[in-house]
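The data block below is coords_39.txt; it holds compact mmCIF, C-alpha atoms.
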# COMPACT_ATOMS: atom_id res chain seq x y z
CA MET A 927 1.76 19.12 16.53
CA GLU A 928 0.99 15.41 16.76
CA ARG A 929 1.87 13.42 13.65
CA ILE A 930 -0.36 10.47 12.72
CA ALA A 931 0.57 7.45 10.60
CA LEU A 932 -1.54 4.55 9.37
CA VAL A 933 0.25 1.31 8.46
CA THR A 934 -1.52 -1.62 6.80
CA GLY A 935 -0.30 -5.17 7.32
CA ALA A 936 1.27 -4.00 10.56
CA THR A 937 1.11 -7.15 12.68
CA SER A 938 4.12 -8.86 11.13
CA GLY A 939 7.12 -8.46 8.85
CA ILE A 940 8.21 -5.10 7.52
CA GLY A 941 4.84 -3.55 8.33
CA LYS A 942 5.36 -4.23 12.02
CA VAL A 943 8.94 -2.93 11.93
CA THR A 944 7.79 0.20 10.08
CA ALA A 945 5.00 0.87 12.55
CA ARG A 946 7.37 0.41 15.50
CA ALA A 947 9.96 2.77 13.98
CA LEU A 948 7.35 5.48 13.38
CA ALA A 949 6.04 5.11 16.93
CA GLN A 950 9.61 5.46 18.21
CA GLN A 951 9.82 8.70 16.21
CA ASP A 952 6.84 9.89 18.28
CA TYR A 953 4.12 9.37 15.67
CA ARG A 954 0.70 8.29 16.79
CA VAL A 955 0.47 5.04 14.84
CA VAL A 956 -2.69 3.27 13.73
CA LEU A 957 -2.23 -0.41 12.94
CA LEU A 958 -4.69 -1.67 10.33
CA ALA A 959 -5.12 -5.45 10.54
CA ARG A 960 -7.77 -8.12 10.09
CA ASP A 961 -6.96 -10.18 13.23
CA TRP A 962 -8.03 -8.42 16.43
CA ARG A 963 -5.88 -10.50 18.79
CA ARG A 964 -2.70 -10.10 16.74
CA ALA A 965 -3.38 -6.39 16.31
CA GLU A 966 -3.75 -5.84 20.06
CA GLU A 967 -0.67 -7.92 20.86
CA THR A 968 1.36 -5.97 18.30
CA ALA A 969 0.08 -2.64 19.59
CA ALA A 970 1.08 -3.56 23.15
CA GLU A 971 4.54 -4.59 21.95
CA ILE A 972 5.03 -1.34 20.03
CA ARG A 973 3.80 0.76 22.97
CA ARG A 974 6.50 -0.82 25.13
CA ALA A 975 9.18 -0.25 22.50
CA ALA A 976 8.14 3.37 21.86
CA ARG A 977 7.53 4.16 25.53
CA HIS A 978 4.22 5.85 24.86
CA ASP A 979 0.63 4.67 24.49
CA ARG A 980 -0.25 6.45 21.22
CA VAL A 981 -0.62 3.21 19.25
CA GLU A 982 -4.09 2.26 18.03
CA THR A 983 -5.64 -0.64 16.17
CA LEU A 984 -8.14 -0.57 13.33
CA LEU A 985 -9.76 -3.78 12.13
CA CYS A 986 -10.17 -4.37 8.42
CA ASP A 987 -10.00 -7.25 5.97
CA LEU A 988 -8.53 -5.59 2.88
CA ALA A 989 -10.20 -8.17 0.66
CA SER A 990 -13.53 -6.50 1.49
CA GLN A 991 -14.35 -3.09 0.03
CA ALA A 992 -17.11 -2.65 2.60
CA GLN A 993 -14.61 -3.14 5.41
CA ILE A 994 -12.15 -0.73 3.79
CA ARG A 995 -14.85 1.93 3.65
CA ALA A 996 -15.81 1.28 7.27
CA ALA A 997 -12.16 1.47 8.38
CA ALA A 998 -11.63 4.76 6.54
CA GLU A 999 -14.73 6.24 8.16
CA GLU A 1000 -13.62 5.03 11.58
CA LEU A 1001 -10.18 6.58 11.14
CA LYS A 1002 -11.75 9.90 10.16
CA ARG A 1003 -14.12 9.69 13.12
CA ARG A 1004 -11.12 9.42 15.42
CA HIS A 1005 -8.78 11.85 13.65
CA ASP A 1006 -9.10 14.81 11.29
CA ARG A 1007 -5.46 14.53 10.25
CA LEU A 1008 -3.26 11.85 8.68
CA HIS A 1009 0.35 12.61 7.85
CA VAL A 1010 1.58 9.22 6.62
CA LEU A 1011 -0.21 6.33 4.93
CA VAL A 1012 1.89 3.20 4.41
CA ASN A 1013 0.17 0.76 2.04
CA ASN A 1014 2.09 -2.36 3.00
CA ALA A 1015 -0.30 -5.31 3.31
CA GLY A 1016 -0.17 -7.94 0.60
CA ALA A 1017 -0.74 -11.59 -0.15
CA ILE A 1018 -0.21 -14.19 -2.83
CA PHE A 1019 -2.74 -16.87 -3.74
CA MET A 1020 -1.35 -19.74 -5.76
CA LYS A 1021 -4.87 -21.00 -6.54
CA ARG A 1022 -7.33 -18.51 -7.95
CA GLU A 1023 -9.73 -17.20 -5.32
CA VAL A 1024 -12.26 -14.38 -5.38
CA SER A 1025 -13.05 -11.83 -2.69
CA ALA A 1026 -16.45 -11.09 -1.17
CA ASP A 1027 -16.81 -8.52 -3.96
CA GLY A 1028 -16.23 -11.18 -6.62
CA ILE A 1029 -12.75 -9.91 -7.53
CA GLU A 1030 -9.64 -12.05 -7.95
CA LYS A 1031 -8.12 -11.92 -4.50
CA THR A 1032 -4.50 -10.99 -5.24
CA PHE A 1033 -5.64 -8.03 -7.34
CA ALA A 1034 -8.22 -7.11 -4.69
CA VAL A 1035 -5.82 -7.17 -1.72
CA ASP A 1036 -2.54 -6.12 -3.31
CA HIS A 1037 -3.79 -3.36 -5.62
CA LEU A 1038 -7.42 -2.34 -5.21
CA ALA A 1039 -7.08 -2.07 -1.43
CA TYR A 1040 -4.22 0.43 -1.91
CA PHE A 1041 -6.31 2.36 -4.42
CA LEU A 1042 -9.55 2.46 -2.45
CA LEU A 1043 -8.11 3.14 1.00
CA THR A 1044 -5.88 5.93 -0.29
CA ASN A 1045 -8.69 7.62 -2.19
CA LEU A 1046 -10.99 7.45 0.81
CA LEU A 1047 -8.35 9.10 3.01
CA LEU A 1048 -7.22 11.80 0.58
CA ASP A 1049 -9.23 14.50 2.32
CA VAL A 1050 -7.45 14.02 5.65
CA LEU A 1051 -4.09 13.59 3.93
CA GLU A 1052 -4.54 16.88 2.07
CA ALA A 1053 -5.71 18.60 5.23
CA SER A 1054 -2.48 17.43 6.90
CA ALA A 1055 -0.08 18.51 4.14
CA PRO A 1056 2.78 18.00 3.93
CA ALA A 1057 1.74 14.35 3.98
CA ARG A 1058 3.07 11.15 2.43
CA VAL A 1059 1.70 8.00 0.81
CA VAL A 1060 4.16 5.09 0.76
CA ASN A 1061 3.31 2.13 -1.47
CA VAL A 1062 5.18 -1.12 -0.91
CA ALA A 1063 5.65 -2.76 -4.31
CA SER A 1064 8.26 -5.32 -5.37
CA ALA A 1065 10.90 -6.11 -7.95
CA ALA A 1066 8.44 -8.83 -8.98
CA SER A 1067 6.77 -6.01 -10.92
CA ALA A 1068 9.38 -6.57 -13.64
CA ALA A 1069 7.58 -9.81 -14.52
CA GLY A 1070 4.18 -8.13 -14.61
CA HIS A 1071 2.11 -7.08 -17.60
CA LEU A 1072 -1.43 -5.77 -17.43
CA GLU A 1073 -3.88 -7.14 -19.97
CA PHE A 1074 -6.98 -5.03 -19.46
CA ASP A 1075 -9.26 -7.56 -21.08
CA ASP A 1076 -8.24 -10.09 -18.39
CA LEU A 1077 -7.04 -8.12 -15.35
CA GLN A 1078 -8.46 -10.74 -13.02
CA LEU A 1079 -6.71 -13.60 -14.81
CA GLU A 1080 -9.80 -15.65 -15.48
CA HIS A 1081 -7.72 -17.32 -18.17
CA ARG A 1082 -4.24 -18.77 -17.62
CA TYR A 1083 -4.13 -17.98 -13.91
CA SER A 1084 -0.94 -18.41 -11.93
CA GLY A 1085 -0.23 -17.08 -8.46
CA TRP A 1086 3.12 -15.62 -9.43
CA ARG A 1087 1.64 -13.89 -12.47
CA ALA A 1088 -1.17 -12.43 -10.36
CA TYR A 1089 1.31 -11.18 -7.77
CA SER A 1090 3.69 -9.69 -10.34
CA ASN A 1091 0.81 -7.88 -12.04
CA ALA A 1092 -0.42 -6.49 -8.72
CA LYS A 1093 3.05 -5.22 -7.81
CA LEU A 1094 3.31 -3.55 -11.22
CA ALA A 1095 -0.10 -2.00 -10.52
CA ASN A 1096 1.24 -0.64 -7.22
CA ILE A 1097 3.91 1.39 -9.02
CA LEU A 1098 1.53 2.55 -11.74
CA PHE A 1099 -0.95 3.66 -9.08
CA SER A 1100 1.73 5.36 -7.03
CA ASN A 1101 3.00 7.32 -10.03
CA GLU A 1102 -0.46 8.30 -11.21
CA LEU A 1103 -1.42 9.40 -7.71
CA ALA A 1104 1.70 11.59 -7.61
CA ARG A 1105 0.70 13.23 -10.90
CA ARG A 1106 -2.87 13.83 -9.80
CA LEU A 1107 -1.80 15.26 -6.43
CA SER A 1108 0.86 17.55 -7.88
CA GLY A 1109 0.89 20.80 -5.91
CA ASN A 1110 -1.43 19.48 -3.18
CA GLY A 1111 1.30 18.86 -0.62
CA VAL A 1112 0.83 15.07 -0.60
CA THR A 1113 3.63 12.93 -2.01
CA SER A 1114 3.35 9.39 -3.35
CA ASN A 1115 6.27 7.00 -3.77
CA ALA A 1116 6.66 3.26 -4.29
CA LEU A 1117 9.42 0.93 -3.17
CA HIS A 1118 10.94 -2.53 -3.38
CA PRO A 1119 11.86 -3.69 0.15
CA GLY A 1120 14.20 -6.44 -0.97
CA VAL A 1121 13.49 -10.16 -0.78
CA VAL A 1122 12.55 -10.27 2.87
CA ALA A 1123 12.39 -13.29 5.16
CA THR A 1124 8.91 -12.75 6.59
CA GLY A 1125 5.69 -14.74 6.90
CA PHE A 1126 4.62 -13.65 3.42
CA GLY A 1127 3.18 -16.53 1.39
CA ARG A 1128 2.23 -18.68 4.36
CA ASN A 1129 -1.39 -18.56 3.25
CA ASP A 1130 -0.28 -20.93 0.47
CA ASN A 1131 0.61 -24.54 1.24
CA GLY A 1132 2.14 -25.48 -2.08
CA LEU A 1133 5.22 -24.95 -4.19
CA PHE A 1134 5.57 -21.23 -3.44
CA THR A 1135 5.83 -21.81 0.32
CA TRP A 1136 8.43 -24.51 -0.29
CA LEU A 1137 10.46 -22.17 -2.51
CA VAL A 1138 10.27 -19.39 0.11
CA LYS A 1139 11.61 -21.76 2.76
CA LEU A 1140 14.37 -22.90 0.44
CA GLY A 1141 15.43 -19.34 -0.30
CA ARG A 1142 15.11 -17.97 3.24
CA PRO A 1143 18.87 -18.16 4.02
CA PHE A 1144 19.48 -15.76 1.11
CA MET A 1145 16.84 -13.22 2.09
CA VAL A 1146 17.27 -10.00 4.07
CA GLY A 1147 15.82 -9.67 7.55
CA GLU A 1148 12.72 -7.71 8.44
CA GLU A 1149 14.68 -4.84 10.01
CA LYS A 1150 16.68 -4.27 6.83
CA GLY A 1151 13.65 -4.86 4.63
CA ALA A 1152 11.71 -2.09 6.39
CA ARG A 1153 14.41 0.57 6.00
CA THR A 1154 13.12 1.99 2.73
CA SER A 1155 9.52 2.14 3.97
CA ILE A 1156 10.65 3.99 7.09
CA HIS A 1157 12.85 6.30 5.02
CA LEU A 1158 10.02 7.27 2.68
CA ALA A 1159 7.56 7.68 5.55
CA SER A 1160 9.67 9.91 7.75
CA SER A 1161 13.04 11.03 6.44
CA PRO A 1162 13.56 14.78 5.84
CA GLU A 1163 15.70 13.76 2.84
CA VAL A 1164 12.62 12.88 0.81
CA GLU A 1165 10.40 15.78 1.86
CA GLY A 1166 8.60 16.88 -1.30
CA VAL A 1167 9.93 13.99 -3.41
CA THR A 1168 7.11 12.31 -5.31
CA GLY A 1169 6.41 9.90 -8.15
CA LYS A 1170 9.56 7.86 -7.58
CA TYR A 1171 10.43 4.19 -7.07
CA PHE A 1172 12.98 3.42 -4.36
CA VAL A 1173 15.28 0.49 -3.67
CA ASN A 1174 17.67 0.53 -0.70
CA ARG A 1175 16.51 4.07 0.11
CA LYS A 1176 17.64 5.32 -3.31
CA PRO A 1177 15.52 6.19 -6.36
CA ARG A 1178 15.74 3.56 -9.09
CA ARG A 1179 14.21 3.19 -12.53
CA PRO A 1180 11.16 0.89 -12.30
CA PRO A 1181 10.11 -1.57 -15.03
CA ARG A 1182 9.32 0.10 -18.36
CA GLU A 1183 5.57 -0.56 -18.19
CA ALA A 1184 5.44 1.14 -14.78
CA LEU A 1185 6.46 4.39 -16.49
CA ASP A 1186 3.70 4.25 -19.12
CA GLU A 1187 1.37 7.12 -18.26
CA GLY A 1188 -1.32 5.83 -20.60
CA VAL A 1189 -1.39 2.48 -18.82
CA ALA A 1190 -1.42 4.25 -15.45
CA ARG A 1191 -4.40 6.42 -16.40
CA ARG A 1192 -6.30 3.44 -17.75
CA LEU A 1193 -5.58 1.41 -14.61
CA TRP A 1194 -6.82 4.33 -12.49
CA GLU A 1195 -10.07 4.52 -14.46
CA VAL A 1196 -10.66 0.76 -14.29
CA SER A 1197 -9.83 0.69 -10.58
CA ALA A 1198 -12.24 3.55 -9.94
CA LYS A 1199 -15.05 1.62 -11.61
CA MET A 1200 -14.21 -1.55 -9.68
CA THR A 1201 -14.27 0.27 -6.34
CA GLY A 1202 -16.98 2.88 -6.89
CA VAL A 1203 -14.54 5.77 -6.56
CA GLN A 1204 -15.58 8.87 -8.48
CA LEU A 1205 -13.03 10.22 -10.95
CA ALA A 1206 -12.73 13.55 -9.16
CA LEU A 1207 -8.97 14.00 -9.10
CA THR A 1208 -7.42 16.01 -11.92
CA ASP A 1209 -6.66 14.18 -15.13
CA VAL A 1210 -3.33 15.93 -15.58
CA LYS A 1211 -3.03 15.02 -19.27
CA ALA A 1212 -6.52 16.20 -20.14
CA GLY A 1213 -5.97 19.49 -18.32
CA ALA A 1214 -9.23 19.22 -16.40
CA PRO A 1215 -9.73 21.56 -13.42
CA ASP A 1216 -8.58 20.31 -10.03
CA THR A 1217 -11.58 19.12 -8.06
CA ARG A 1218 -9.38 18.42 -5.06
CA ARG A 1219 -10.06 14.82 -4.14
CA ALA A 1220 -11.74 11.61 -5.06
CA ALA A 1221 -14.91 10.51 -3.34
CA SER A 1222 -16.61 7.17 -2.89
CA THR A 1223 -20.08 6.55 -4.18
Would you encode the structure as structure tokens?
Amino acid sequence: MERIALVTGATSGIGKVTARALAQQDYRVVLLARDWRRAEETAAEIRRAARHDRVETLLCDLASQAQIRAAAEELKRRHDRLHVLVNNAGAIFMKREVSADGIEKTFAVDHLAYFLLTNLLLDVLEASAPARVVNVASAASAAGHLEFDDLQLEHRYSGWRAYSNAKLANILFSNELARRLSGNGVTSNALHPGVVATGFGRNDNGLFTWLVKLGRPFMVGEEKGARTSIHLASSPEVEGVTGKYFVNRKPRRPPREALDEGVARRLWEVSAKMTGVQLALTDVKAGAPDTRRAAST
């Protein structure tokens, strides 16, 4: 049976390495990217490395909820199965910007895109069980703290704070998804890839970019940085493992707030409202009946 994987942010860095590794393991890999030329160039490169042509591209700007919905529909038009979803794409904006949907852009790209895309693809993931959702977070989550009265940081904005909060949200989302999918055959795990020397942060021209350049000699390479993503996406060792946070391919305890189930449920509810996703997955604490999957309004 053909196995299908979707990787976001797959044209560079650890996303590209992850996509290549999965293709080399004989997955059909779909590269989700916003730049058509880079996506096609990357797909051609991965086809050569994997020695097969089962590498596709799917265009989507993850800052746009309309484009996320269109990409999810296009994927389901092409395929009725999806065995691995790697939510990898991310960005940092040192000056506050808003998306086309009027949402602070770091929160929109780094968290809400994970939430919306995953929920829209839950039906094909469940139909493909056993299936896996892999959420690339960061140790930066330790500096995060979600204030629900100012999730979009309209007051006291800083790029690092926005990024740390979004990475914390990744783990909270990953854990809550694991709870809500319990028994459905779809696992959800988050990870810290290490401090990786990639092109991350190049959308910023200020202090952050300078600090990244300064610290580059001390960072791990893309190949090493992708190991945990690849491990969670494909290793038999983690078959059935869910609701965990991994570092260096080993489970680790995440920041304390990431383990707060009340915060995770509230973030899920707020995210659902911000994306138009119906609250159809089981609220495991409330003991509501399982209605199988979330849908988009």
Open item on the list: Under the rule that only C-alpha atoms are counted, which of A:Leu1008, A:Arg929, A:Leu1043, A:Ser1025 is the nearest residue to Arg995 of chain A?
Closed with: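 Counting only C-alpha atoms, the residue closest to Arg995 of chain A is A:Leu1043.
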- [ ] Take atom CA of Leu988 of chain A and atom CA of Arg960 of chain A and report the distance between them in Å, one decimal.
- [x]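 One can read the atom CA of Leu988 of chain A to atom CA of Arg960 of chain A distance as 7.7 Å.
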- [ ] Please indicate the distance in Å from atom CA of Ala1069 of chain A to atom CA of Val1189 of chain A, rounded to one decimal place.
- [x] 15.8 Å
Task: Counting all atoms listed in the file, the option among A:Asn1174, A:Thr1032, A:Ser1160, A:Ser1100 closest to Ala947 of chain A - done: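 Using all atoms listed in the file, the shortest distance to Ala947 of chain A belongs to A:Ser1160.
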Determine, for each residue of segment 977-1056 of chain A having at least one atom at most 9 Å from an atom of segment 1080-1086 of chain A, the closest pair of atoms and their separation in Å to one decimal, counting all atoms listed in the file; order by chain and ascending number, as JSON lines.
{"residue": "A:Ile1018", "atom": "CA", "partner": "A:Gly1085", "partner_atom": "CA", "distance": 6.3}
{"residue": "A:Phe1019", "atom": "CA", "partner": "A:Gly1085", "partner_atom": "CA", "distance": 5.4}
{"residue": "A:Met1020", "atom": "CA", "partner": "A:Gly1085", "partner_atom": "CA", "distance": 4.0}
{"residue": "A:Lys1021", "atom": "CA", "partner": "A:Gly1085", "partner_atom": "CA", "distance": 6.4}
{"residue": "A:Arg1022", "atom": "CA", "partner": "A:Tyr1083", "partner_atom": "CA", "distance": 6.8}
{"residue": "A:Glu1030", "atom": "CA", "partner": "A:Glu1080", "partner_atom": "CA", "distance": 8.3}
{"residue": "A:Thr1032", "atom": "CA", "partner": "A:Gly1085", "partner_atom": "CA", "distance": 8.1}
Open item on the list: Could you check the closest approach to Gly941 of chain A for each of A:Val1035, A:Val1050, A:Ile972, A:Val1112 and tell me which residue wins, using all atoms listed in the file?
Closed with: A:Ile972
Open item on the list: When you look at segment 1153-1158 of chain A with a cut-off of 7 Å (counting only C-alpha atoms), what residues show up, excluding the ones that are within fewer than 3 positions of it in the same chain? I need them as a list in words.
Closed with: Thr944, Val1060, Pro1119, Glu1149, Lys1150, Ser1161, Val1164, Val1173, Asn1174 and Arg1175 of chain A
Quick one: residues within 6 Å of segment 974-981 of chain A, all atoms listed in the file, excluding same-chain residues fewer than 6 positions away - as a PDB file with C-alpha atoms, in the frame of the given file?
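result-v2.pdb, written as the output of this step:
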ATOM      1  CA  ALA A 949       6.040   5.110  16.930  1.00  0.00           C
ATOM      2  CA  GLN A 950       9.610   5.460  18.210  1.00  0.00           C
ATOM      3  CA  ARG A 954       0.700   8.290  16.790  1.00  0.00           C
ATOM      4  CA  VAL A 955       0.470   5.040  14.840  1.00  0.00           C
ATOM      5  CA  VAL A 956      -2.690   3.270  13.730  1.00  0.00           C
TER       6      VAL A 956
END
Open item on the list: Applying 6 Å and all atoms listed in the file, which residues near Asn1091 of chain A remain after dropping the ones on its own chain fewer than 2 positions away? List them as a list in words.
Closed with: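 Surrounding residues, per the criterion: Gly1070, His1071, Ala1088, Tyr1089, Lys1093 and Leu1094 of chain A.
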Task: Polymer residues at most 12 Å from (-12.3, 7.2, 8.1) by only C-alpha atoms, as a ChimeraX atom specification - done: /A:932,956,958,984-986,993-1008,1042-1051,1222
Any chance you could model N, CA and C atoms for segment 1089-1113 of chain A and send them as a PDB file, in the coordinates of the input?
ATOM      1  N   TYR A1089       0.544 -12.000  -8.703  1.00  0.00           N
ATOM      2  CA  TYR A1089       1.310 -11.180  -7.770  1.00  0.00           C
ATOM      3  C   TYR A1089       2.165 -10.157  -8.510  1.00  0.00           C
ATOM      4  N   SER A1090       2.848 -10.594  -9.560  1.00  0.00           N
ATOM      5  CA  SER A1090       3.690  -9.690 -10.340  1.00  0.00           C
ATOM      6  C   SER A1090       2.867  -8.562 -10.949  1.00  0.00           C
ATOM      7  N   ASN A1091       1.694  -8.901 -11.458  1.00  0.00           N
ATOM      8  CA  ASN A1091       0.810  -7.880 -12.040  1.00  0.00           C
ATOM      9  C   ASN A1091       0.359  -6.872 -10.983  1.00  0.00           C
ATOM     10  N   ALA A1092       0.033  -7.385  -9.794  1.00  0.00           N
ATOM     11  CA  ALA A1092      -0.420  -6.490  -8.720  1.00  0.00           C
ATOM     12  C   ALA A1092       0.694  -5.556  -8.271  1.00  0.00           C
ATOM     13  N   LYS A1093       1.917  -6.068  -8.215  1.00  0.00           N
ATOM     14  CA  LYS A1093       3.050  -5.220  -7.810  1.00  0.00           C
ATOM     15  C   LYS A1093       3.369  -4.173  -8.883  1.00  0.00           C
ATOM     16  N   LEU A1094       3.200  -4.536 -10.144  1.00  0.00           N
ATOM     17  CA  LEU A1094       3.310  -3.550 -11.220  1.00  0.00           C
ATOM     18  C   LEU A1094       2.223  -2.490 -11.057  1.00  0.00           C
ATOM     19  N   ALA A1095       1.018  -2.928 -10.735  1.00  0.00           N
ATOM     20  CA  ALA A1095      -0.100  -2.000 -10.520  1.00  0.00           C
ATOM     21  C   ALA A1095       0.190  -1.041  -9.370  1.00  0.00           C
ATOM     22  N   ASN A1096       0.882  -1.516  -8.332  1.00  0.00           N
ATOM     23  CA  ASN A1096       1.240  -0.640  -7.220  1.00  0.00           C
ATOM     24  C   ASN A1096       2.062   0.553  -7.687  1.00  0.00           C
ATOM     25  N   ILE A1097       3.046   0.297  -8.551  1.00  0.00           N
ATOM     26  CA  ILE A1097       3.910   1.390  -9.020  1.00  0.00           C
ATOM     27  C   ILE A1097       3.149   2.318  -9.947  1.00  0.00           C
ATOM     28  N   LEU A1098       2.354   1.732 -10.846  1.00  0.00           N
ATOM     29  CA  LEU A1098       1.530   2.550 -11.740  1.00  0.00           C
ATOM     30  C   LEU A1098       0.589   3.444 -10.950  1.00  0.00           C
ATOM     31  N   PHE A1099      -0.056   2.878  -9.938  1.00  0.00           N
ATOM     32  CA  PHE A1099      -0.950   3.660  -9.080  1.00  0.00           C
ATOM     33  C   PHE A1099      -0.195   4.751  -8.345  1.00  0.00           C
ATOM     34  N   SER A1100       0.945   4.400  -7.780  1.00  0.00           N
ATOM     35  CA  SER A1100       1.730   5.360  -7.030  1.00  0.00           C
ATOM     36  C   SER A1100       2.143   6.542  -7.895  1.00  0.00           C
ATOM     37  N   ASN A1101       2.583   6.254  -9.106  1.00  0.00           N
ATOM     38  CA  ASN A1101       3.000   7.320 -10.030  1.00  0.00           C
ATOM     39  C   ASN A1101       1.836   8.189 -10.466  1.00  0.00           C
ATOM     40  N   GLU A1102       0.713   7.537 -10.771  1.00  0.00           N
ATOM     41  CA  GLU A1102      -0.460   8.300 -11.210  1.00  0.00           C
ATOM     42  C   GLU A1102      -1.000   9.165 -10.075  1.00  0.00           C
ATOM     43  N   LEU A1103      -0.982   8.621  -8.867  1.00  0.00           N
ATOM     44  CA  LEU A1103      -1.420   9.400  -7.710  1.00  0.00           C
ATOM     45  C   LEU A1103      -0.534  10.635  -7.543  1.00  0.00           C
ATOM     46  N   ALA A1104       0.781  10.462  -7.716  1.00  0.00           N
ATOM     47  CA  ALA A1104       1.700  11.590  -7.610  1.00  0.00           C
ATOM     48  C   ALA A1104       1.367  12.670  -8.631  1.00  0.00           C
ATOM     49  N   ARG A1105       1.045  12.257  -9.865  1.00  0.00           N
ATOM     50  CA  ARG A1105       0.700  13.230 -10.900  1.00  0.00           C
ATOM     51  C   ARG A1105      -0.586  13.963 -10.556  1.00  0.00           C
ATOM     52  N   ARG A1106      -1.569  13.223 -10.084  1.00  0.00           N
ATOM     53  CA  ARG A1106      -2.870  13.830  -9.800  1.00  0.00           C
ATOM     54  C   ARG A1106      -2.853  14.701  -8.553  1.00  0.00           C
ATOM     55  N   LEU A1107      -1.894  14.463  -7.651  1.00  0.00           N
ATOM     56  CA  LEU A1107      -1.800  15.260  -6.430  1.00  0.00           C
ATOM     57  C   LEU A1107      -0.747  16.357  -6.538  1.00  0.00           C
ATOM     58  N   SER A1108      -0.193  16.553  -7.707  1.00  0.00           N
ATOM     59  CA  SER A1108       0.860  17.550  -7.880  1.00  0.00           C
ATOM     60  C   SER A1108       0.419  18.917  -7.363  1.00  0.00           C
ATOM     61  N   GLY A1109       1.197  19.481  -6.462  1.00  0.00           N
ATOM     62  CA  GLY A1109       0.890  20.800  -5.910  1.00  0.00           C
ATOM     63  C   GLY A1109      -0.021  20.771  -4.703  1.00  0.00           C
ATOM     64  N   ASN A1110      -0.505  19.575  -4.313  1.00  0.00           N
ATOM     65  CA  ASN A1110      -1.430  19.480  -3.180  1.00  0.00           C
ATOM     66  C   ASN A1110      -0.741  19.238  -1.848  1.00  0.00           C
ATOM     67  N   GLY A1111       0.571  19.064  -1.875  1.00  0.00           N
ATOM     68  CA  GLY A1111       1.300  18.860  -0.620  1.00  0.00           C
ATOM     69  C   GLY A1111       1.320  17.428  -0.136  1.00  0.00           C
ATOM     70  N   VAL A1112       0.804  16.494  -0.952  1.00  0.00           N
ATOM     71  CA  VAL A1112       0.830  15.070  -0.600  1.00  0.00           C
ATOM     72  C   VAL A1112       1.713  14.354  -1.604  1.00  0.00           C
ATOM     73  N   THR A1113       2.730  13.666  -1.121  1.00  0.00           N
ATOM     74  CA  THR A1113       3.630  12.930  -2.010  1.00  0.00           C
ATOM     75  C   THR A1113       3.240  11.467  -2.066  1.00  0.00           C
TER      76      THR A1113
END
